[in-house]
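Before any comments, here is the structure.
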Amino acid sequence: MYSFTNDYSEGAHENILNALMESNLKQSSGYGLDEYCEKAKDILKNVLKNDDIDIHFIPGGTQVNLICISSFLRQHEAAIAANTGHIAVHETGAIEACGHKVITVNSNDGKLNKEMIKNILKIHNDEHMVKPKLVYISNSTEIGTIYNKKELSDLYSFCKENNLILFIDGARMGSAITSKENDLLLSDLVNLCDAFYIGGTKNGALFGEALIICNDNLKEDFRYNIKQKGALLAKGRLLGIQFIELFKDDLFFDLAKHANDMASLIQDELINQGYKLLIKSPTNQIFPILPNKSIEKLRDKYTFNTWEEYDENHTIIRLVTSWATDKNKVISFIEDLKQI
């Protein structure tokens, strides 16, 4: 069996494992105050071309979302997300458990725009309802789409005009930035949102995300929030070491591009064979609509997720490629697809 279930089935890139081994018996400070985390922060500030940002290394994406949203919002304030948004669907109500409602908006492409948010603001207009305060988006989105520079600029301008916080989930930021359809630089994001994170877990790291806080008003006492939510690792250097390696010699971007290229091979073949797609994705997640009988045959050799039922005889599945996806396995999948 070969997995197209997710982009974290494999462990970590060998450069990261080697670096962890080499530093294993070296003593360092704890809780992210070590030399490795400091070096990783300096590297990221250089990549992002900005020294006036706060950087925090946090073990996982759900923890980043939970800590940020619960820290940035007051008790009566809420987050706005697409109906496919990770905080609304796949985080076990983590945001609501902290007392903050997630207001969802139906979106066909997984993205939000200012008109959608404007409608939410019209409805939530007094103290009898929660107050929308934070706009949560993902790049790439949960269905593989990405924001271009104009879309993000328009969205952030609207947020600033309406005193809203724009927060970007970057669990798959690598795939977004290296997409052939992307026109954003990673460094552009510093000026296009209040906070975002760069995902390592889904792009070659064992675990870990790098949170970037751009808005000065959100920076104060943030480490208190990380500690309170159980995400301030005693052995924080494990995170710093990984991000040093990911951003050495463009490894982060090379790994993400590989994942996208492997997905593109499969998606192009699906289109060539006349299969419909839920949406044409420019990143490493693809969503073909296949006959149920074909899905059963593919499951003999491959694992993948069922997204949703399309009709009585067809189902939308999700195929995800990773930084370590074997091209030979992709070719085999394509051949098997032709056979059925």
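Numbering starts fresh at 1 for the residues of each chain in the structure tokens, the chains themselves are lettered A, B, ... in the order given, and ligands are numbered from 1 as they appear.
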List the spatial neighbours of region 133-137 of chain A as a list of chain:residue names - criterion: any atom at most 8 Å away, only C-alpha atoms, same-chain residues fewer than 6 positions off excluded. A:Ile69, A:Leu73, A:Glu77, A:Ala78, A:Ala79, A:Ile80, A:Ala81, A:Ala82, A:Gly85, A:Lys111, A:Leu112, A:Cys159, A:Asn163, A:Leu164, A:Ile165, A:Leu166, A:Phe167, A:Ile168, A:Asp169
Skipping near chain neighbours, those fewer than 4 positions away, what residues fall within 7 Å of region 39-52 of chain A using only C-alpha atoms, listed as JSON, numbers by chain? {"A": [35, 186, 187, 240, 243, 244]}
Could the residues in this selection be saved with N, CA and C atoms as a CSV table (one decimal), in the first residue's frame?
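Everything below was put into again03.csv:
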```csv
chain,number,residue,atom,x,y,z
A,35,GLU,N,20.5,28.9,21.4
A,35,GLU,CA,21.2,29.5,20.3
A,35,GLU,C,20.6,29.1,19.0
A,186,LEU,N,7.4,35.1,-0.1
A,186,LEU,CA,7.2,34.9,1.3
A,186,LEU,C,7.3,36.2,2.1
A,187,SER,N,8.3,37.0,1.7
A,187,SER,CA,8.5,38.3,2.4
A,187,SER,C,7.4,39.3,2.2
A,240,GLY,N,14.0,25.0,16.6
A,240,GLY,CA,15.0,25.9,16.0
A,240,GLY,C,15.9,25.2,15.0
A,243,PHE,N,14.1,24.5,11.7
A,243,PHE,CA,13.9,25.6,10.8
A,243,PHE,C,15.3,26.1,10.2
A,244,ILE,N,16.3,26.0,10.9
A,244,ILE,CA,17.7,26.3,10.4
A,244,ILE,C,17.9,25.5,9.1
```
So which one's closest to Val330 (chain A), A:Ser157, A:Ile117, A:Glu14, A:Ala263? Using only C-alpha atoms, please. A:Ala263
Long-range neighbours of Ile317 (chain A) as JSON, numbers by chain, 12 Å cut-off, only C-alpha atoms, 2 positions minimum in chain: {"A": [4, 5, 143, 276, 277, 278, 279, 285, 286, 287, 288, 289, 290, 291, 292, 294, 295, 296, 298, 299, 303, 304, 305, 306, 307, 308, 309, 310, 314, 315, 319, 320]}
Here is a test: counting only C-alpha atoms, which residue of A:Gly30, A:Asp7, A:His56, A:Ile95 is nearest to Met262 (chain A)? A:Asp7
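Here CA of Ala324 (chain A) and CA of Leu255 (chain A) stand 7.6 Å from one another.
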